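input.txt follows (compact mmCIF, C-alpha atoms):
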# COMPACT_ATOMS: atom_id res chain seq x y z
CA MET A 1 6.90 132.19 94.69
CA VAL A 2 4.60 129.27 94.20
CA GLY A 3 1.95 128.93 91.56
CA PRO A 4 1.20 127.51 88.18
CA GLY A 5 3.31 128.78 85.36
CA LEU A 6 6.14 129.98 87.61
CA VAL A 7 9.60 128.59 87.04
CA VAL A 8 11.68 127.99 90.15
CA GLN A 9 15.34 127.34 89.88
CA ILE A 10 17.01 125.23 92.55
CA ASN A 11 20.72 125.66 92.89
CA GLU A 12 21.53 122.90 95.30
CA SER A 13 19.69 119.91 96.57
CA LEU A 14 20.30 117.02 98.90
CA PHE A 15 18.27 113.87 98.75
CA GLN A 16 19.11 111.16 101.18
CA GLY A 17 17.49 108.65 103.46
CA LYS A 18 13.95 107.47 103.37
CA ARG A 19 10.90 109.37 104.41
CA LYS A 20 7.88 107.29 105.03
CA TYR A 21 4.60 108.87 103.94
CA ASN A 22 6.50 112.15 103.60
CA ARG A 23 6.45 112.59 107.35
CA GLY A 24 8.98 113.06 110.13
CA ARG A 25 12.64 113.83 109.89
CA LEU A 26 14.94 112.71 107.15
CA ARG A 27 17.07 109.91 108.45
CA LEU A 28 20.69 110.87 108.15
CA GLY A 29 21.72 107.29 108.79
CA ASP A 30 21.59 106.30 105.17
CA ARG A 31 24.32 108.72 104.29
CA LYS A 32 27.29 107.23 102.54
CA PRO A 33 30.09 106.90 105.10
CA GLU A 34 32.79 109.49 104.73
CA GLU A 35 36.27 108.28 104.11
CA ARG A 36 38.03 107.59 107.32
CA SER A 37 41.22 109.46 107.98
CA ASP A 38 44.33 107.58 108.93
CA GLU A 39 46.38 108.14 112.06
CA ASN A 40 49.28 109.63 110.16
CA GLU A 41 47.13 111.70 107.90
CA GLU A 42 48.80 114.63 106.20
CA ASN A 43 47.03 117.89 106.79
CA SER A 44 46.57 120.33 104.00
CA ASP A 45 48.08 123.78 104.40
CA GLU A 46 44.73 125.24 105.19
CA ASP A 47 44.29 122.99 108.19
CA GLU A 48 47.77 123.56 109.45
CA ILE A 49 47.04 127.04 110.72
CA ASN A 50 44.58 125.73 113.23
CA MET A 51 46.39 122.51 113.92
CA TYR A 52 47.39 123.47 117.45
CA ARG A 53 43.81 123.55 118.63
CA ASN A 54 42.60 120.96 116.20
CA ILE A 55 40.58 118.10 117.57
CA LYS A 56 41.38 115.85 114.65
CA PRO A 57 44.48 113.76 115.30
CA HIS A 58 47.51 114.85 113.29
CA TYR A 59 51.19 113.95 113.16
CA PHE A 60 52.10 116.26 116.04
CA SER A 61 49.10 115.56 118.22
CA ILE A 62 50.10 114.49 121.72
CA ASP A 63 46.69 112.93 122.27
CA ALA A 64 47.07 110.70 119.24
CA ILE A 65 50.50 109.60 120.39
CA MET A 66 49.24 108.85 123.87
CA ALA A 67 46.27 106.94 122.49
CA ALA A 68 48.62 104.75 120.45
CA GLN A 69 50.50 104.07 123.68
CA GLU A 70 47.50 102.42 125.38
CA LYS A 71 48.06 98.76 126.17
CA ILE A 72 46.31 95.85 124.52
CA GLN A 73 46.38 92.32 125.78
CA CYS A 74 47.48 89.98 123.05
CA SER A 75 49.02 86.60 122.39
CA PHE A 76 51.56 85.49 119.84
CA ILE A 77 50.84 82.94 117.18
CA LYS A 78 54.37 82.83 115.87
CA LYS A 79 57.50 83.09 117.88
CA VAL A 80 59.25 86.43 117.62
CA GLU A 81 62.97 86.26 118.11
CA HIS A 82 65.59 88.88 118.92
CA VAL A 83 63.33 91.11 120.95
CA ASP A 84 64.54 91.14 124.54
CA PHE A 85 61.42 92.04 126.42
CA LEU A 86 59.44 89.31 124.67
CA ASP A 87 61.76 86.50 125.74
CA SER A 88 60.25 86.32 129.22
CA ILE A 89 56.87 85.14 127.98
CA TYR A 90 58.42 82.20 126.16
CA SER A 91 60.42 81.05 129.17
CA ASP A 92 57.32 80.04 131.13
CA LYS A 93 55.62 78.62 128.13
CA ASP A 94 55.52 75.15 129.69
CA GLU A 95 52.93 76.15 132.25
CA GLU A 96 50.63 78.01 129.94
CA SER A 97 49.89 77.08 126.39
CA ASP A 98 48.76 80.56 125.44
CA PRO A 99 51.16 83.19 126.74
CA LYS A 100 49.63 86.65 127.02
CA ILE A 101 51.36 89.98 127.16
CA GLU A 102 50.30 93.60 127.17
CA LEU A 103 51.73 95.64 124.34
CA PRO A 104 51.07 99.22 123.27
CA LEU A 105 48.92 99.68 120.20
CA TRP A 106 51.67 100.82 117.86
CA MET A 107 53.64 97.61 118.54
CA VAL A 108 50.59 95.46 117.97
CA LYS A 109 50.20 97.18 114.64
CA VAL A 110 53.73 96.16 113.68
CA PHE A 111 53.18 92.53 114.55
CA LEU A 112 49.85 92.44 112.75
CA VAL A 113 51.68 93.14 109.52
CA GLY A 114 53.55 89.88 109.91
CA LYS A 115 50.39 88.17 111.19
CA SER A 116 52.28 86.88 114.22
CA ILE A 117 49.88 88.16 116.85
CA GLN A 118 46.23 88.15 117.79
CA PHE A 119 44.47 90.33 120.32
CA ASP A 120 41.22 90.70 122.18
CA MET A 121 39.40 93.99 122.34
CA PRO A 122 40.43 95.81 125.53
CA LYS A 123 38.02 96.02 128.42
CA ALA A 124 36.35 99.28 127.47
CA TYR A 125 35.46 97.97 124.01
CA ASN A 126 34.44 94.38 124.69
CA GLU A 127 30.97 93.06 124.34
CA ILE A 128 29.93 93.79 127.92
CA TYR A 129 30.95 97.43 127.85
CA ARG A 130 29.52 97.91 124.41
CA GLY A 131 26.25 96.77 125.92
CA VAL A 132 26.59 99.23 128.80
CA LEU A 133 27.35 102.11 126.44
CA THR A 134 24.46 101.26 124.19
CA ALA A 135 22.09 101.09 127.16
CA ASP A 136 23.01 104.51 128.58
CA ALA A 137 26.24 106.20 127.63
CA ASN A 138 25.61 109.17 129.90
CA VAL A 139 26.25 107.38 133.17
CA VAL A 140 29.65 105.98 132.24
CA ASP A 141 32.79 107.58 133.64
CA LEU A 142 34.74 107.55 130.40
CA PHE A 143 37.91 109.04 131.77
CA LYS A 144 38.23 106.22 134.28
CA LEU A 145 37.36 103.63 131.69
CA CYS A 146 39.88 104.80 129.15
CA LYS A 147 41.49 108.21 129.00
CA HIS A 148 41.52 108.41 125.22
CA PHE A 149 38.32 106.52 124.67
CA TYR A 150 37.41 107.81 121.22
CA LEU A 151 40.89 108.07 119.73
CA PHE A 152 42.06 104.70 121.00
CA GLY A 153 38.79 103.18 119.89
CA LYS A 154 39.17 104.70 116.47
CA PHE A 155 42.67 103.31 116.06
CA LEU A 156 41.49 99.92 117.31
CA SER A 157 38.63 99.77 114.87
CA GLN A 158 41.07 100.40 112.05
CA LEU A 159 42.94 97.22 112.90
CA GLU A 160 41.96 93.89 111.50
CA HIS A 161 39.58 92.37 114.01
CA ARG A 162 36.25 90.68 113.78
CA GLU A 163 34.60 93.10 116.20
CA ALA A 164 35.99 96.24 114.55
CA TYR A 165 32.71 97.18 112.92
CA GLU A 166 30.73 96.95 116.16
CA VAL A 167 33.34 99.02 117.99
CA ARG A 168 33.13 101.71 115.38
CA ARG A 169 29.38 101.83 115.59
CA THR A 170 29.41 102.00 119.38
CA LEU A 171 31.90 104.86 119.32
CA ILE A 172 29.75 107.00 117.09
CA GLN A 173 26.58 106.25 119.01
CA THR A 174 28.29 106.92 122.34
CA PHE A 175 29.54 110.27 121.14
CA ILE A 176 26.12 111.28 119.87
CA ASP A 177 24.46 110.20 123.09
CA ARG A 178 26.88 112.01 125.33
CA PHE A 179 27.32 115.17 123.29
CA LYS A 180 24.13 116.85 124.43
CA GLN A 181 24.96 116.25 128.06
CA THR A 182 28.48 117.58 127.58
CA MET A 183 27.19 120.80 126.07
CA ASP A 184 24.56 121.08 128.76
CA TRP A 185 27.16 120.86 131.49
CA ALA A 186 29.50 123.26 129.79
CA GLN A 187 26.90 125.95 129.31
CA ASN A 188 24.80 125.75 132.40
CA ILE A 189 26.69 124.60 135.47
CA ASP A 190 29.16 126.87 137.23
CA ASP A 191 30.94 124.31 139.33
CA ASN A 192 31.48 121.70 136.68
CA GLN A 193 34.58 119.95 137.99
CA PRO A 194 32.75 116.74 138.95
CA CYS A 195 31.18 116.52 135.51
CA PHE A 196 34.43 117.41 133.81
CA ASN A 197 36.22 114.54 135.49
CA ARG A 198 33.99 112.02 133.78
CA LEU A 199 34.76 113.17 130.27
CA ASP A 200 37.17 111.61 127.82
CA CYS A 201 40.04 113.72 126.42
CA LEU A 202 38.22 114.62 123.22
CA GLU A 203 35.10 115.59 125.12
CA ARG A 204 37.22 117.74 127.42
CA LEU A 205 38.43 119.77 124.49
CA ILE A 206 34.88 120.31 123.30
CA PHE A 207 33.78 121.08 126.83
CA ASN A 208 36.45 123.74 127.31
CA ASP A 209 35.70 125.38 124.00
CA ALA A 210 32.01 125.42 124.77
CA ARG A 211 32.64 126.98 128.15
CA VAL A 212 34.86 129.71 126.77
CA ALA A 213 32.28 130.48 124.09
CA GLN A 214 29.55 130.68 126.71
CA GLN A 215 31.62 133.01 128.87
CA HIS A 216 32.30 135.26 125.91
CA LEU A 217 28.62 135.38 125.17
CA ASN A 218 27.77 136.21 128.77
CA ILE A 219 30.30 139.01 128.84
CA TYR A 220 29.00 140.38 125.58
CA LEU A 221 25.44 140.33 126.85
CA THR A 222 26.20 142.04 130.15
CA GLU A 223 28.97 144.45 129.19
CA GLY A 224 28.86 144.78 125.45
CA SER A 225 31.84 144.63 123.17
CA GLY A 226 34.97 146.69 122.80
CA GLN A 227 36.40 146.27 126.29
CA MET A 228 40.15 145.83 126.25
CA GLU A 229 41.50 143.41 128.74
CA ILE A 230 44.74 142.11 130.14
CA ALA A 231 46.15 139.20 128.14
CA ALA A 232 45.11 135.88 129.66
CA MET A 233 48.64 134.58 129.60
CA ILE A 234 49.98 137.51 131.62
CA LEU A 235 47.11 137.25 134.07
CA ASN A 236 47.80 133.56 134.67
CA TYR A 237 51.51 134.25 134.88
CA ARG A 238 50.90 136.81 137.64
CA LYS A 239 48.59 134.51 139.54
CA ARG A 240 51.25 131.81 139.43
CA LYS A 241 53.87 134.27 140.70
CA ILE A 242 51.67 135.29 143.61
CA HIS A 243 51.01 131.68 144.41
CA GLU A 244 54.69 130.80 144.27
CA SER A 245 55.67 133.66 146.53
CA ARG A 246 53.02 132.59 149.03
CA VAL A 247 54.31 129.04 149.02
CA LEU A 248 57.82 130.33 149.63
CA GLU A 249 56.70 132.34 152.64
CA MET B 1 60.20 98.49 126.34
CA TYR B 2 61.00 100.78 123.43
CA CYS B 3 59.90 104.39 123.36
CA ASP B 4 59.11 104.61 127.06
CA LYS B 5 61.48 107.49 127.62
CA VAL B 6 60.09 109.65 124.88
CA VAL B 7 56.57 109.11 126.15
CA GLU B 8 57.76 110.29 129.55
CA LEU B 9 58.97 113.48 127.88
CA LEU B 10 55.61 114.10 126.29
CA LYS B 11 53.77 113.37 129.51
CA GLU B 12 55.88 115.96 131.24
CA LEU B 13 54.87 118.47 128.58
CA GLU B 14 51.23 117.49 128.76
CA ARG B 15 51.09 117.81 132.54
CA SER B 16 52.32 121.40 132.44
CA ARG B 17 49.71 124.07 131.93
CA GLU B 18 49.05 125.03 128.37
CA ASP B 19 50.24 128.61 128.79
CA THR B 20 53.61 127.75 130.32
CA ILE B 21 56.75 126.20 128.95
CA PRO B 22 58.46 123.65 131.19
CA PRO B 23 62.28 123.47 131.24
CA TYR B 24 63.83 122.03 128.10
CA ASN B 25 64.73 118.47 128.98
CA ASN B 26 68.08 118.08 127.31
CA ASP B 27 69.02 114.87 129.11
CA GLY B 28 65.79 113.18 128.20
CA ILE B 29 66.18 114.06 124.55
CA ASN B 30 69.75 112.82 124.45
CA GLN B 31 68.65 109.54 125.99
CA VAL B 32 66.02 109.09 123.32
CA LEU B 33 68.51 109.92 120.60
CA SER B 34 70.95 107.33 121.88
CA GLU B 35 68.13 104.77 122.05
CA MET B 36 67.43 105.48 118.39
CA LYS B 37 71.08 105.02 117.53
CA THR B 38 71.19 101.68 119.33
CA LEU B 39 68.11 100.48 117.50
CA ASP B 40 69.60 101.51 114.20
CA ALA B 41 72.84 99.72 114.96
CA GLU B 42 70.90 96.59 115.88
CA ILE B 43 69.05 96.59 112.57
CA ILE B 44 72.28 96.95 110.62
CA ASP B 45 73.72 94.15 112.71
CA PHE B 46 70.85 91.83 111.74
CA LEU B 47 71.28 92.63 108.09
CA ARG B 48 74.98 91.95 108.20
CA LYS B 49 74.89 88.72 110.16
CA GLN B 50 72.02 86.87 108.52
CA LYS B 51 71.90 87.17 104.80
CA ASP B 52 68.94 84.82 104.58
CA ASN B 53 66.21 84.02 107.09
CA LEU B 54 65.97 87.54 108.44
CA PRO B 55 64.04 88.05 111.72
CA LEU B 56 61.49 90.25 109.97
CA ASP B 57 59.29 90.96 112.97
CA ALA B 58 62.21 92.09 115.08
CA ILE B 59 63.45 94.42 112.37
CA ARG B 60 60.00 95.81 111.70
CA LEU B 61 59.49 96.48 115.39
CA ARG B 62 62.80 98.33 115.69
CA ARG B 63 62.04 100.39 112.63
CA ALA B 64 58.64 101.30 113.99
CA ALA B 65 60.25 102.25 117.29
CA ILE B 66 62.69 104.57 115.51
CA GLU B 67 59.88 106.17 113.54
CA ARG B 68 57.84 106.63 116.67
CA ASN B 69 60.72 108.12 118.59
CA LYS B 70 61.21 110.57 115.77
CA ARG B 71 57.56 111.52 115.72
CA CYS B 72 57.46 112.03 119.48
CA LEU B 73 60.62 114.13 119.57
CA MET B 74 59.33 116.33 116.80
CA THR B 75 56.04 116.67 118.62
CA TYR B 76 57.88 117.70 121.76
CA ILE B 77 59.70 120.48 119.94
CA TRP B 78 56.71 121.49 117.86
CA THR B 79 54.37 121.81 120.84
CA ARG B 80 56.88 123.97 122.65
CA LEU B 81 57.26 126.19 119.61
CA GLN B 82 53.51 126.62 119.34
CA ARG B 83 53.35 127.81 122.92
CA LEU B 84 56.28 130.12 122.35
CA LYS B 85 54.60 131.53 119.28
CA GLU B 86 51.46 132.21 121.26
CA MET B 87 53.51 134.00 123.89
CA ARG B 88 54.83 136.37 121.24
CA TRP B 89 51.26 137.46 120.55
CA GLU B 90 50.09 137.49 124.13
CA ILE B 91 53.04 138.82 126.06
CA GLY B 92 55.09 140.54 123.38
CA ALA B 93 58.63 140.43 122.17
CA ILE B 94 60.19 140.54 125.63
CA LEU B 95 59.72 137.35 127.59
CA PRO B 96 59.84 137.18 131.40
CA SER B 97 63.21 135.93 132.60
CA ASP B 98 61.91 132.72 134.12
CA VAL B 99 60.27 131.74 130.85
CA ARG B 100 63.51 132.50 129.05
CA GLN B 101 65.44 130.27 131.40
CA ASN B 102 63.38 127.27 130.39
CA LEU B 103 64.20 127.60 126.71
CA SER B 104 67.02 125.91 124.86
CA GLN B 105 69.55 127.88 122.88
CA SER B 106 67.97 127.10 119.54
CA GLU B 107 64.53 127.97 120.85
CA ILE B 108 65.72 131.42 121.84
CA GLU B 109 67.21 131.78 118.38
CA TRP B 110 63.94 130.69 116.83
CA PHE B 111 62.01 133.17 118.93
CA ASN B 112 64.24 136.05 117.90
CA ASN B 113 63.90 135.09 114.27
CA TYR B 114 60.15 134.83 114.64
CA CYS B 115 59.98 138.33 116.12
CA LYS B 116 62.09 139.68 113.28
CA THR B 117 59.95 138.01 110.63
CA LEU B 118 56.79 139.27 112.24
CA VAL B 119 58.04 142.83 112.47
CA SER B 120 59.27 142.90 108.89
CA TYR B 121 55.96 141.48 107.73
CA MET B 122 54.00 144.10 109.62
CA LYS B 123 56.14 146.79 107.99
CA THR B 124 55.24 145.64 104.50
CA ILE B 125 51.45 145.73 104.91
CA GLY B 126 49.17 148.70 105.34
CA SER B 127 50.13 152.27 104.52
CA ASP B 128 53.73 153.55 104.61
CA THR B 129 54.21 153.08 108.35
CA GLY B 130 53.00 149.51 108.33
CA LEU B 131 50.25 147.92 110.35
CA ASN B 132 50.59 146.63 113.87
CA LEU B 133 48.70 143.35 113.90
CA THR B 134 48.81 142.95 117.66
CA GLN B 135 46.78 146.13 118.04
CA ASP B 136 43.01 146.43 117.88
CA THR B 137 42.39 142.74 118.32
CA LYS B 138 38.85 143.73 119.20
CA PRO B 139 37.05 146.24 117.02
CA PRO B 140 37.53 149.72 118.53
CA LYS B 141 34.53 151.88 119.31
CA SER B 142 36.28 155.18 119.85
CA LEU B 143 39.71 156.65 119.32
CA TYR B 144 40.18 157.62 122.94
CA THR B 145 39.52 155.67 126.04
CA GLU B 146 39.48 156.24 129.76
CA VAL B 147 41.96 154.16 131.71
CA ARG B 148 42.96 153.69 135.33
CA SER B 149 46.52 152.95 136.31
CA LEU B 150 46.96 149.87 138.47
CA VAL B 151 50.58 150.44 139.44
CA ASP B 152 53.03 153.30 139.81
CA ALA B 153 54.39 152.82 136.34
CA GLY B 154 56.32 156.06 136.03
CA LYS B 155 56.78 158.16 132.94
CA LEU B 156 54.88 157.61 129.73
CA GLU B 157 55.67 159.67 126.69
CA LEU B 158 52.59 160.42 124.63
CA GLU B 159 52.49 160.56 120.86
CA SER B 160 52.15 164.35 121.07
CA GLY B 161 55.43 164.54 122.94
CA GLU B 162 53.94 165.29 126.34
CA VAL B 163 55.12 163.24 129.27
CA LEU B 164 52.59 161.70 131.57
CA ILE B 165 53.41 160.23 134.97
CA LEU B 166 51.31 157.18 135.72
CA ARG B 167 50.30 156.95 139.36
CA LYS B 168 48.41 154.17 140.98
CA ASN B 169 44.61 154.54 141.04
CA SER B 170 44.50 157.71 138.97
CA GLN B 171 42.56 157.96 135.74
CA TYR B 172 43.64 159.25 132.37
CA MET B 173 42.25 159.75 128.93
CA LEU B 174 44.55 158.12 126.41
CA SER B 175 44.46 157.31 122.76
CA ARG B 176 43.39 153.77 122.25
CA SER B 177 46.42 152.75 120.28
CA GLN B 178 48.68 153.81 123.12
CA ALA B 179 46.55 152.35 125.88
CA GLU B 180 46.03 148.92 124.41
CA PRO B 181 49.54 147.47 124.84
CA LEU B 182 49.65 148.75 128.43
CA ILE B 183 46.24 147.27 129.16
CA ARG B 184 47.36 143.93 127.77
CA GLN B 185 50.41 144.02 130.00
CA GLY B 186 48.21 144.67 133.00
CA ILE B 187 49.59 148.14 133.82
CA LEU B 188 46.38 149.96 132.97
CA GLU B 189 42.76 148.97 133.24
CA GLN B 190 39.99 150.21 131.03
CA VAL B 191 37.31 152.06 132.96
CA ARG B 192 34.02 150.37 132.26
CA GLN B 193 31.30 152.61 130.99
Please, can you express the file's structure as structure tokens?
Amino acid sequence: MVGPGLVVQINESLFQGKRKYNRGRLRLGDRKPEERSDENEENSDEDEINMYRNIKPHYFSIDAIMAAQEKIQCSFIKKVEHVDFLDSIYSDKDEESDPKIELPLWMVKVFLVGKSIQFDMPKAYNEIYRGVLTADANVVDLFKLCKHFYLFGKFLSQLEHREAYEVRRTLIQTFIDRFKQTMDWAQNIDDNQPCFNRLDCLERLIFNDARVAQQHLNIYLTEGSGQMEIAAMILNYRKRKIHESRVLE
Amino acid sequence: MYCDKVVELLKELERSREDTIPPYNNDGINQVLSEMKTLDAEIIDFLRKQKDNLPLDAIRLRRAAIERNKRCLMTYIWTRLQRLKEMRWEIGAILPSDVRQNLSQSEIEWFNNYCKTLVSYMKTIGSDTGLNLTQDTKPPKSLYTEVRSLVDAGKLELESGEVLILRKNSQYMLSRSQAEPLIRQGILEQVRQ
């Protein structure tokens, strides 16, 4: 293919990042950031087919709803009237000058529109934990720290806050750092309950998919293809029945 | 606080295993609906009473709560429907009675309609007899296959018109198309080569 006088046609090309002295890997870091999707993003028809198992948050995603339910500690700048459950924090205003209250994320979002609230980053995303995650993300028990670590963090970083940029960066780095370990666990350890417990909801989805894929591969390698099997749902249904009847006895 | 009840509903759904459908929580849904009505009435009340100097934050919050309630309720129904849909493909058109008990009236209606739509779609594709999409989910290697019966299932009428009596632990040679639904239901087991 190569030589003087030969014409080579290139159909597609991708130039990005810097390469010093033409050595080493291309750095993907200089890529232009993709447009972030919003919480209430509308899915195209094509996506909708796979929406049930989709990892991306969508309108009907329970995980996204639960993540927006996580509490944030915040304080009011302006007084908000006619909301019953907020009255209590004003009643003991004399003792404290800065009344704090924990509100779910979706409420905070509402008050941010009117600029009547300010909030601190929750524990898992503050400076100390960002430091921990940067140092070694693999040792952190994410599920204990925050069940919906990535989703909640993503929603948080979309709010107006001075630390939003750092949070976003930490999230991406944490995911990259932990991903290899997650895949490792899913594919190589049989009794992976202890590892599984330390994963965040999003990682759990990936973990389960990876495990199923690995099992399929193992079956294919040992037994070949074309075996017909009982439907998983019926199998589980039977197991549950047997279990129930045992409990009754 | 607002929306606590609806979140409870979703938690209940989330806690249940992904291949089951928990009982339809009619009470819970009615409670959420009445909460939404109260919120709506409160907003209208604000608008009527104070023509100027509206409590904007309070109204915005109530509106957001209504929207969120709506989203969560729809998610509740949608998630259940997805599971139901999957059951149609996994289990078939006839649901076990204890699954059926957990469904609401409109869900049963939806399921029946879904079955009808699916069947009429499968009739329109393929050659004149239609194409059964639930069959041959894995690429077949041969037309016939050896199977072992796991239960005393009784009579089975073959495509040729012969009648076969399935006894536990005995082996048969069946056409793949006839064996597959029975294997999926757990009545037969494919003998591994």
8 Å contacts from chain B to chain A using only C-alpha atoms, as a PyMOL selection string: chain B and resi 1+7+10+14+19+55-58+60-61+64+71-72+74-75+78-79+82+87+90-91+138-141+180+183-186+189-190+192
Limited to C-alpha atoms, could you put the picked residues into a file as a PDB file, in the coordinates of the input?
ATOM      1  CA  MET B   1      60.200  98.490 126.340  1.00  0.00           C
ATOM      2  CA  VAL B   7      56.570 109.110 126.150  1.00  0.00           C
ATOM      3  CA  LEU B  10      55.610 114.100 126.290  1.00  0.00           C
ATOM      4  CA  GLU B  14      51.230 117.490 128.760  1.00  0.00           C
ATOM      5  CA  ASP B  19      50.240 128.610 128.790  1.00  0.00           C
ATOM      6  CA  PRO B  55      64.040  88.050 111.720  1.00  0.00           C
ATOM      7  CA  LEU B  56      61.490  90.250 109.970  1.00  0.00           C
ATOM      8  CA  ASP B  57      59.290  90.960 112.970  1.00  0.00           C
ATOM      9  CA  ALA B  58      62.210  92.090 115.080  1.00  0.00           C
ATOM     10  CA  ARG B  60      60.000  95.810 111.700  1.00  0.00           C
ATOM     11  CA  LEU B  61      59.490  96.480 115.390  1.00  0.00           C
ATOM     12  CA  ALA B  64      58.640 101.300 113.990  1.00  0.00           C
ATOM     13  CA  ARG B  71      57.560 111.520 115.720  1.00  0.00           C
ATOM     14  CA  CYS B  72      57.460 112.030 119.480  1.00  0.00           C
ATOM     15  CA  MET B  74      59.330 116.330 116.800  1.00  0.00           C
ATOM     16  CA  THR B  75      56.040 116.670 118.620  1.00  0.00           C
ATOM     17  CA  TRP B  78      56.710 121.490 117.860  1.00  0.00           C
ATOM     18  CA  THR B  79      54.370 121.810 120.840  1.00  0.00           C
ATOM     19  CA  GLN B  82      53.510 126.620 119.340  1.00  0.00           C
ATOM     20  CA  MET B  87      53.510 134.000 123.890  1.00  0.00           C
ATOM     21  CA  GLU B  90      50.090 137.490 124.130  1.00  0.00           C
ATOM     22  CA  ILE B  91      53.040 138.820 126.060  1.00  0.00           C
ATOM     23  CA  LYS B 138      38.850 143.730 119.200  1.00  0.00           C
ATOM     24  CA  PRO B 139      37.050 146.240 117.020  1.00  0.00           C
ATOM     25  CA  PRO B 140      37.530 149.720 118.530  1.00  0.00           C
ATOM     26  CA  LYS B 141      34.530 151.880 119.310  1.00  0.00           C
ATOM     27  CA  GLU B 180      46.030 148.920 124.410  1.00  0.00           C
ATOM     28  CA  ILE B 183      46.240 147.270 129.160  1.00  0.00           C
ATOM     29  CA  ARG B 184      47.360 143.930 127.770  1.00  0.00           C
ATOM     30  CA  GLN B 185      50.410 144.020 130.000  1.00  0.00           C
ATOM     31  CA  GLY B 186      48.210 144.670 133.000  1.00  0.00           C
ATOM     32  CA  GLU B 189      42.760 148.970 133.240  1.00  0.00           C
ATOM     33  CA  GLN B 190      39.990 150.210 131.030  1.00  0.00           C
ATOM     34  CA  ARG B 192      34.020 150.370 132.260  1.00  0.00           C
TER      35      ARG B 192
END
Non-local contacts of Leu166 in chain B (12 Å; only C-alpha atoms; under 3 positions in same chain excluded) as a ChimeraX atom specification: /B:147-158,163,169-174,179,182,187-188
Tyr129 in chain A: which residues within 12 Å, counting only C-alpha atoms, same-chain residues fewer than 5 positions away excluded, as a count of residues only? 18
Selection: 12 Å around Thr38 in chain B, all atoms listed in the file, excl. self and same-chain fewer than 4 positions, as a ChimeraX atom specification: /B:2,31-34,42-45,62-63,65-66
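With all atoms listed in the file as the atoms that count, the residue of A:Lys154, A:Arg211, A:Arg162, A:Arg168 with the shortest distance to Trp185 in chain A is A:Arg211.
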